[in-house]
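Structure file run.cif (mmCIF, C-alpha atoms and all ligand atoms) is printed below.
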```
data_run
#
loop_
_atom_site.label_atom_id
_atom_site.label_comp_id
_atom_site.auth_asym_id
_atom_site.auth_seq_id
_atom_site.Cartn_x
_atom_site.Cartn_y
_atom_site.Cartn_z
CA MET A 1 0.00 0.00 0.00
CA GLN A 2 1.54 3.24 -1.16
CA ALA A 3 -0.82 5.82 0.42
CA ARG A 4 0.86 8.64 2.31
CA ASN A 5 -0.41 10.48 5.37
CA GLN A 6 -0.49 13.81 3.54
CA GLU A 7 -3.33 12.53 1.33
CA PHE A 8 -5.46 12.72 4.49
CA ARG A 9 -4.22 16.07 5.76
CA ARG A 10 -7.65 17.72 5.37
CA PHE A 11 -8.76 15.78 8.46
CA GLU A 12 -5.92 16.99 10.67
CA GLN A 13 -6.56 19.63 13.32
CA VAL A 14 -2.93 20.36 14.16
CA GLU A 15 0.07 21.03 11.96
CA LYS A 16 1.71 17.78 10.81
CA PRO A 17 4.34 18.51 8.18
CA GLN A 18 5.81 15.02 8.32
CA ASP A 19 5.22 13.00 5.15
CA TYR A 20 5.36 9.22 5.41
CA HIS A 21 3.88 6.05 3.94
CA LEU A 22 0.93 4.89 6.03
CA SER A 23 1.96 1.32 5.42
CA GLU A 24 5.36 0.08 6.44
CA GLN A 25 7.64 -0.35 3.42
CA PRO A 26 9.58 -3.61 3.14
CA HIS A 27 12.64 -1.81 1.75
CA GLY A 28 14.23 1.60 1.71
CA GLU A 29 13.13 2.99 5.07
CA GLU A 30 15.77 4.43 7.32
CA PHE A 31 16.20 3.74 11.02
CA ASP A 32 17.59 6.03 13.67
CA GLU A 33 19.87 3.93 15.88
CA GLU A 34 21.24 6.96 17.74
CA TYR A 35 18.20 8.66 19.25
CA GLU A 36 17.53 7.60 22.78
CA ILE A 37 13.99 8.02 24.11
CA ARG A 38 14.49 9.42 27.59
CA THR A 39 13.59 7.64 30.79
CA CYS A 40 11.94 9.76 33.46
CA ASP A 41 11.81 8.44 37.01
CA MET A 42 8.62 9.55 38.78
CA SER A 43 9.45 8.22 42.24
CA GLY A 44 10.69 11.50 43.75
CA LEU A 45 7.75 13.43 42.36
CA LEU A 46 5.22 10.91 43.60
CA ALA A 47 6.88 10.85 47.04
CA GLY A 48 6.17 14.59 47.26
CA ASP A 49 9.77 15.81 47.10
CA PRO A 50 9.40 19.55 46.27
CA ASP A 51 12.77 19.70 44.43
CA GLU A 52 11.68 16.84 42.24
CA ARG A 53 8.53 18.65 41.18
CA ASP A 54 10.50 21.10 39.09
CA ALA A 55 13.25 18.67 38.13
CA PHE A 56 10.78 16.06 36.89
CA ALA A 57 8.78 18.66 34.96
CA GLU A 58 11.99 19.75 33.24
CA ARG A 59 13.05 16.19 32.37
CA LEU A 60 9.65 15.12 31.13
CA GLY A 61 8.98 18.36 29.28
CA GLN A 62 12.31 18.20 27.46
CA ALA A 63 11.82 14.55 26.56
CA LEU A 64 8.37 15.16 25.12
CA GLU A 65 9.24 18.42 23.40
CA GLY A 66 12.10 16.62 21.69
CA ILE A 67 10.27 13.59 20.31
CA GLY A 68 6.80 13.27 21.87
CA PHE A 69 7.76 10.06 23.70
CA ALA A 70 9.26 9.26 27.12
CA ILE A 71 9.61 6.17 29.27
CA LEU A 72 8.24 6.42 32.81
CA THR A 73 9.75 4.48 35.67
CA GLY A 74 9.19 4.79 39.42
CA HIS A 75 5.44 5.11 38.75
CA GLY A 76 4.56 2.72 41.57
CA ILE A 77 2.72 0.12 39.47
CA ASP A 78 3.95 -3.38 39.93
CA LEU A 79 5.26 -5.37 36.96
CA SER A 80 3.00 -8.22 38.03
CA LEU A 81 -0.07 -6.07 37.29
CA HIS A 82 1.23 -5.47 33.75
CA GLU A 83 1.80 -9.20 33.37
CA ARG A 84 -1.65 -10.09 34.64
CA THR A 85 -3.24 -7.54 32.32
CA ALA A 86 -1.29 -8.94 29.35
CA ALA A 87 -2.52 -12.45 30.16
CA LEU A 88 -6.10 -11.18 30.53
CA THR A 89 -5.92 -9.37 27.19
CA ARG A 90 -4.83 -12.57 25.50
CA GLU A 91 -7.59 -14.44 27.30
CA LEU A 92 -10.29 -11.93 26.33
CA PHE A 93 -9.57 -12.47 22.63
CA GLU A 94 -8.71 -16.16 22.79
CA SER A 95 -11.60 -17.31 25.00
CA THR A 96 -14.35 -15.57 23.01
CA THR A 97 -15.69 -16.32 19.55
CA GLU A 98 -15.82 -13.70 16.81
CA LYS A 99 -19.62 -13.95 17.07
CA GLN A 100 -19.50 -13.05 20.77
CA ARG A 101 -17.15 -10.16 20.07
CA LEU A 102 -19.19 -8.79 17.17
CA LYS A 103 -22.09 -8.14 19.54
CA PHE A 104 -19.93 -5.29 20.83
CA LEU A 105 -18.92 -3.87 17.44
CA ALA A 106 -17.50 -0.37 17.87
CA ALA A 107 -19.84 2.61 17.74
CA ARG A 108 -19.39 6.28 18.55
CA GLN A 109 -20.37 7.46 22.02
CA GLY A 110 -19.47 11.11 22.49
CA SER A 111 -16.13 11.58 20.74
CA VAL A 112 -14.79 8.07 20.87
CA ASN A 113 -15.47 4.97 18.78
CA GLN A 114 -15.95 2.37 21.53
CA GLY A 115 -16.21 -1.39 21.35
CA TYR A 116 -14.72 -4.17 19.27
CA PHE A 117 -12.75 -3.74 16.03
CA PRO A 118 -12.25 -6.97 14.02
CA VAL A 119 -8.89 -7.70 12.42
CA ARG A 120 -8.20 -5.41 9.42
CA GLU A 121 -11.07 -3.11 10.50
CA THR A 122 -9.40 -0.76 12.97
CA THR A 123 -9.68 1.92 10.26
CA ILE A 124 -11.11 2.19 6.76
CA ILE A 125 -7.80 3.42 5.37
CA HIS A 126 -5.54 0.51 6.24
CA PRO A 127 -6.06 -3.21 6.95
CA ASP A 128 -4.13 -3.37 10.24
CA LEU A 129 -3.27 -6.86 11.45
CA VAL A 130 -4.84 -6.35 14.85
CA GLN A 131 -8.05 -6.96 16.73
CA GLY A 132 -8.83 -4.06 19.03
CA TRP A 133 -11.29 -3.35 21.79
CA VAL A 134 -11.80 0.12 23.20
CA PHE A 135 -13.27 0.43 26.68
CA CYS A 136 -13.94 3.99 27.77
CA ARG A 137 -14.75 5.20 31.26
CA ARG A 138 -18.41 4.19 30.87
CA ALA A 139 -17.38 0.54 30.41
CA PHE A 140 -15.98 0.45 33.95
CA ASP A 141 -17.84 0.39 37.23
CA LEU A 142 -16.05 3.50 38.45
CA ASP A 143 -18.69 6.06 39.22
CA GLY A 144 -21.30 4.09 41.15
CA ARG A 145 -23.99 4.43 38.49
CA ALA A 146 -27.12 2.44 39.36
CA ASP A 147 -27.83 1.68 35.69
CA TRP A 148 -24.38 0.23 34.99
CA HIS A 149 -24.31 -3.40 33.83
CA GLU A 150 -21.17 -5.33 33.11
CA SER A 151 -22.86 -7.27 30.30
CA ASP A 152 -23.50 -4.04 28.37
CA PHE A 153 -19.79 -3.75 27.68
CA TRP A 154 -18.04 -7.04 28.39
CA PRO A 155 -18.51 -10.39 26.62
CA LEU A 156 -17.93 -12.48 29.74
CA PRO A 157 -18.18 -11.75 33.47
CA GLY A 158 -15.01 -11.15 35.47
CA PHE A 159 -12.97 -9.18 32.93
CA GLU A 160 -14.18 -5.75 34.02
CA PRO A 161 -12.99 -5.90 37.65
CA ALA A 162 -9.69 -7.40 36.54
CA PHE A 163 -8.95 -4.73 33.91
CA ARG A 164 -10.28 -2.05 36.27
CA GLU A 165 -7.30 -2.74 38.54
CA LEU A 166 -4.87 -1.34 35.98
CA VAL A 167 -7.16 1.58 35.12
CA LEU A 168 -7.33 2.49 38.82
CA ALA A 169 -3.58 2.16 39.16
CA GLN A 170 -2.91 4.43 36.18
CA GLU A 171 -5.56 7.06 36.89
CA PRO A 172 -3.53 8.68 39.70
CA LEU A 173 -0.72 9.31 37.21
CA ILE A 174 -2.86 11.57 35.00
CA LEU A 175 -2.62 14.71 37.14
CA PRO A 176 1.10 14.45 38.00
CA VAL A 177 1.91 14.12 34.29
CA MET A 178 -0.44 16.93 33.23
CA GLN A 179 0.73 19.23 36.01
CA SER A 180 4.36 18.57 35.10
CA LEU A 181 3.75 19.42 31.45
CA LEU A 182 1.90 22.62 32.39
CA ARG A 183 4.72 23.54 34.78
CA TYR A 184 7.24 23.00 31.98
CA LEU A 185 5.21 25.31 29.73
CA GLY A 186 5.25 27.99 32.42
CA CYS A 187 1.48 27.77 33.06
CA ASP A 188 -0.42 27.36 36.30
CA PRO A 189 0.07 23.61 36.81
CA HIS A 190 -3.49 23.22 38.07
CA THR A 191 -5.20 24.72 34.99
CA TRP A 192 -6.55 21.35 33.92
CA ASP A 193 -7.10 19.70 37.33
CA GLU A 194 -10.87 20.10 37.28
CA ARG A 195 -11.27 19.00 33.68
CA LEU A 196 -9.25 15.87 34.38
CA ALA A 197 -11.09 14.80 37.54
CA ALA A 198 -12.90 11.61 36.47
CA THR A 199 -12.09 12.41 32.87
CA ASN A 200 -12.81 10.13 29.95
CA PHE A 201 -10.20 7.73 28.68
CA GLY A 202 -9.93 5.01 26.05
CA PHE A 203 -8.43 1.81 27.36
CA ARG A 204 -7.61 -0.07 24.18
CA LEU A 205 -6.79 -3.77 24.16
CA ASN A 206 -4.79 -4.82 21.12
CA TYR A 207 -4.41 -8.42 20.05
CA TYR A 208 -2.01 -8.92 17.16
CA PRO A 209 -2.42 -12.48 15.89
CA PRO A 210 0.69 -14.54 15.04
CA LEU A 211 2.16 -13.43 11.71
CA GLU A 212 2.08 -15.83 8.84
CA GLY A 213 3.55 -15.94 5.39
CA ASN A 214 5.89 -13.50 3.77
CA PRO A 215 8.36 -12.11 6.32
CA ASP A 216 8.85 -9.15 3.97
CA ALA A 217 5.20 -8.12 4.19
CA GLY A 218 4.29 -4.89 5.97
CA GLY A 219 3.86 -4.16 9.65
CA ARG A 220 1.09 -4.78 12.14
CA MET A 221 -0.39 -1.29 12.59
CA LEU A 222 -0.12 1.70 10.31
CA GLY A 223 1.77 4.87 11.16
CA HIS A 224 -0.53 7.23 13.07
CA GLU A 225 -0.65 9.88 15.74
CA ASP A 226 -2.78 9.48 18.87
CA VAL A 227 -5.87 11.66 19.22
CA ASP A 228 -5.65 12.49 22.93
CA LEU A 229 -3.79 14.50 25.54
CA PHE A 230 -1.36 11.68 26.18
CA THR A 231 -1.21 7.89 26.26
CA PHE A 232 0.09 5.51 28.90
CA LEU A 233 1.37 2.32 27.30
CA PRO A 234 2.74 -0.33 29.69
CA ALA A 235 5.84 -1.69 27.94
CA PRO A 236 4.70 -4.57 25.71
CA ALA A 237 6.56 -7.87 26.13
CA VAL A 238 6.96 -8.34 22.36
CA ASP A 239 8.80 -5.55 20.55
CA GLY A 240 7.61 -3.77 17.42
CA LEU A 241 6.77 -0.18 18.41
CA GLN A 242 8.52 2.37 16.19
CA VAL A 243 8.52 6.15 16.51
CA LEU A 244 9.12 8.59 13.66
CA ASN A 245 11.83 11.14 14.32
CA ARG A 246 10.45 14.01 12.29
CA ARG A 247 13.77 15.85 12.37
CA ASN A 248 15.46 13.26 10.14
CA MET A 249 12.41 11.19 9.08
CA LYS A 250 14.00 7.99 10.38
CA TRP A 251 12.19 5.43 12.51
CA ILE A 252 13.30 4.75 16.08
CA ARG A 253 12.77 1.24 17.46
CA LEU A 254 11.36 1.66 20.96
CA ASP A 255 11.87 -1.32 23.20
CA ALA A 256 11.12 -0.19 26.74
CA PRO A 257 12.12 -2.26 29.80
CA PRO A 258 9.50 -4.55 31.41
CA GLY A 259 7.43 -2.73 34.01
CA SER A 260 8.02 0.73 32.54
CA ILE A 261 5.28 2.83 30.95
CA ILE A 262 5.75 4.47 27.58
CA LEU A 263 4.20 7.95 27.55
CA ASN A 264 3.45 9.89 24.40
CA THR A 265 1.66 13.12 23.64
CA GLY A 266 -1.25 13.26 21.18
CA ASP A 267 -3.23 15.73 19.09
CA TYR A 268 -5.11 17.37 21.99
CA MET A 269 -1.79 18.15 23.67
CA GLN A 270 -0.18 19.45 20.49
CA ARG A 271 -3.18 21.73 20.03
CA ILE A 272 -3.27 23.22 23.54
CA SER A 273 0.54 23.48 23.77
CA ASN A 274 0.58 25.46 20.51
CA ASP A 275 2.77 22.79 18.85
CA ILE A 276 5.39 22.69 21.64
CA PHE A 277 4.57 19.05 22.46
CA PRO A 278 4.26 17.13 19.19
CA SER A 279 1.75 14.42 18.41
CA THR A 280 4.34 12.00 17.15
CA THR A 281 3.83 9.39 14.46
CA HIS A 282 4.31 5.79 15.53
CA ARG A 283 3.47 2.34 14.24
CA VAL A 284 3.72 -1.32 15.15
CA SER A 285 6.11 -3.36 13.09
CA ARG A 286 7.06 -7.01 13.12
CA PRO A 287 9.25 -8.07 16.03
CA ALA A 288 12.93 -8.30 15.11
CA ALA A 289 13.36 -11.94 16.18
CA PRO A 290 11.78 -14.37 13.67
CA GLU A 291 10.65 -16.75 16.46
CA LEU A 292 8.56 -13.95 18.03
CA GLN A 293 6.69 -13.41 14.77
CA ALA A 294 4.85 -16.69 15.27
CA GLN A 295 3.52 -15.44 18.62
CA ALA A 296 0.53 -13.22 19.27
CA ARG A 297 1.40 -9.78 20.59
CA VAL A 298 -0.76 -7.86 23.02
CA SER A 299 -0.70 -4.27 24.22
CA PHE A 300 -3.03 -2.15 26.34
CA PRO A 301 -2.60 1.61 25.92
CA MET A 302 -4.76 4.02 27.92
CA ALA A 303 -5.51 7.24 26.04
CA ILE A 304 -6.40 10.24 28.21
CA TYR A 305 -9.14 12.46 26.80
CA ALA A 306 -11.07 15.52 27.83
CA TRP A 307 -14.86 15.06 27.91
CA GLU A 308 -16.55 15.97 24.66
CA ASP A 309 -17.88 19.38 25.72
CA GLU A 310 -14.57 20.67 27.07
CA LEU A 311 -12.90 23.45 25.14
CA LEU A 312 -9.39 22.90 23.81
CA GLU A 313 -7.73 26.30 24.03
CA VAL A 314 -4.12 27.17 23.42
CA LEU A 315 -2.46 27.63 26.82
CA PRO A 316 -1.36 31.11 27.85
CA GLY A 317 2.35 31.81 27.58
CA THR A 318 2.93 29.41 24.68
CA GLY A 319 3.24 32.19 22.11
CA THR A 320 0.77 33.62 19.63
CA PRO A 321 -1.99 30.99 19.38
CA LYS A 322 -1.83 29.09 16.12
CA TYR A 323 -5.28 27.62 16.67
CA PRO A 324 -8.69 28.93 17.76
CA PRO A 325 -10.51 27.29 20.68
CA VAL A 326 -12.47 24.19 19.68
CA ARG A 327 -14.86 21.84 21.44
CA ALA A 328 -13.22 18.47 22.08
CA ILE A 329 -15.89 16.49 20.21
CA GLU A 330 -15.55 18.54 17.02
CA PHE A 331 -11.79 18.36 17.18
CA HIS A 332 -11.71 14.65 17.92
CA THR A 333 -14.31 13.49 15.40
CA ALA A 334 -12.97 15.72 12.61
CA ILE A 335 -9.63 13.91 12.87
CA THR A 336 -10.99 10.42 13.36
CA SER A 337 -13.43 10.67 10.46
CA LYS A 338 -10.38 9.82 8.36
CA TYR A 339 -10.50 6.39 10.04
CA TYR A 340 -14.27 5.88 10.30
CA GLY A 341 -15.79 7.79 7.37
CA GLU A 342 -16.80 11.41 6.73
CA ASP A 343 -20.13 10.99 8.56
CA TYR A 344 -18.26 10.30 11.81
CA ALA A 345 -17.50 14.02 12.23
CA VAL A 346 -19.76 15.94 14.62
CA ALA A 347 -20.27 19.52 13.51
CA GLU A 348 -20.50 22.58 15.74
CA ASP A 349 -23.75 22.74 17.72
CA GLU A 350 -24.75 19.26 16.62
CA SER A 351 -25.89 17.24 19.59
CA ALA A 352 -23.56 14.44 20.61
FE FE B 1 -1.00 4.98 18.95
#
```

Here is a file; write its structure as structure tokens.
Ligand SMILES: [Fe+2]
Amino acid sequence: MQARNQEFRRFEQVEKPQDYHLSEQPHGEEFDEEYEIRTCDMSGLLAGDPDERDAFAERLGQALEGIGFAILTGHGIDLSLHERTAALTRELFESTTEKQRLKFLAARQGSVNQGYFPVRETTIIHPDLVQGWVFCRRAFDLDGRADWHESDFWPLPGFEPAFRELVLAQEPLILPVMQSLLRYLGCDPHTWDERLAATNFGFRLNYYPPLEGNPDAGGRMLGHEDVDLFTFLPAPAVDGLQVLNRRNMKWIRLDAPPGSIILNTGDYMQRISNDIFPSTTHRVSRPAAPELQAQARVSFPMAIYAWEDELLEVLPGTGTPKYPPVRAIEFHTAITSKYYGEDYAVAEDESA
């Protein structure tokens, strides 16, 4: 597939000058072996050390301004929880039939397309070799709603409380990360506190089936940028994540240590930071070792969103605003209509 991202630029809501093939090319792509994605240890910050507040903000801000990706350590979440969640993800896809899964076929609720995405149907623009399942806040028993029923969202009982453990463990990291980024930008670090209390998120389970056939064939997921403030991705056990260095247009292979969390900024953050934090292109390629290609790969990123009616406004002190304020749902669905069809976009004043 020879399509390039720039053919879809009319959907974009932030400046993305990078020009790349959506589909991984078997030959001729260049790799950046030099660039090191920075590791940022959160332990001092989370322990409340006041010196670390500024030091961490500086480290994280620099890392993200440079490439849009960082590796978080010292976040307090046990490796065993990552391992249990990986096993559960595998189990969710392997213990259900396609018929059971299709009952939960993805549909838009607010800004986000939520539910199950069959293999090759994650988007209409590229047949990604992945089955996905997006569970947003409403799919979890988090807010004590009387009308909440597990069976409305989950194909089998027991998965929701088990996956909720990781969601609950990661939720307390949202504000420290956001506050650090705001601090780095010279803004009041609490500007977004209220908007992010019980905010929406997209917890996406990815199941990449074992690869068959031609080892020269393309990758597992197309190059894309995340449509969110930022994403927490517990380091996957099987490698394959690649990040585009837009300064030299080479791909960086990102293989983070077990137990760490990969953090990247997305379109919402690029918009409100006036392009200081980039929404960086990444993709999932085949693992380097041939024996790993015959194994399924799982990953479980958690995308942090603002609720659909929140306004995305360029933050003060980040220079002359390049973008006008926009409601999150219009921003989000304008971009993602490239993946789901033009009628996915919600226009101004249209009810969600
Ligand atoms: Fe992504």

Quick one: residues within 8 Å of ligand FE 1 (chain B), with all atoms listed in the file, as a list of chain:residue names? A:His224, A:Glu225, A:Asp226, A:Thr231, A:Thr281, A:His282, A:Arg283, A:Pro301

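In this comparison, which uses only C-alpha atoms, the residue of A:Gly115, A:Gly341, A:Gly266, A:Pro257 approaching A:Phe230 most closely is A:Gly266.
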
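Among the candidate residues A:Thr191, A:Ser299, A:Gln2, A:Gln293, the one lying nearest to A:Ile272 is A:Thr191, with distances computed using all atoms listed in the file.
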
What does the distance from atom CA of A:Tyr116 to atom CA of A:Phe135 come to in Å, to one decimal? 8.8 Å

Find the residue from A:His27, A:Ser273, A:Trp307, A:Thr96 that sits nearest to A:Gly186; use all atoms listed in the file when measuring. A:Ser273

Residues near A:Ala294, cut-off 9 Å, all atoms listed in the file, skip fewer than 5 positions along chain, as a ChimeraX atom specification: /A:209-212

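Take the candidates A:Ile174, A:Ala162, A:Ile276, A:Val346 and check each one against A:Glu308 using only C-alpha atoms; the shortest distance goes to A:Val346.
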
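Using only C-alpha atoms, the nearest neighbour of A:Thr122 within the list A:Ala3, A:Thr336, A:Ile304, A:Arg271 is A:Thr336.
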
Best match for closeness to A:Tyr268 among A:Phe232, A:Tyr340, A:Tyr305, A:Tyr35, counting only C-alpha atoms: A:Tyr305
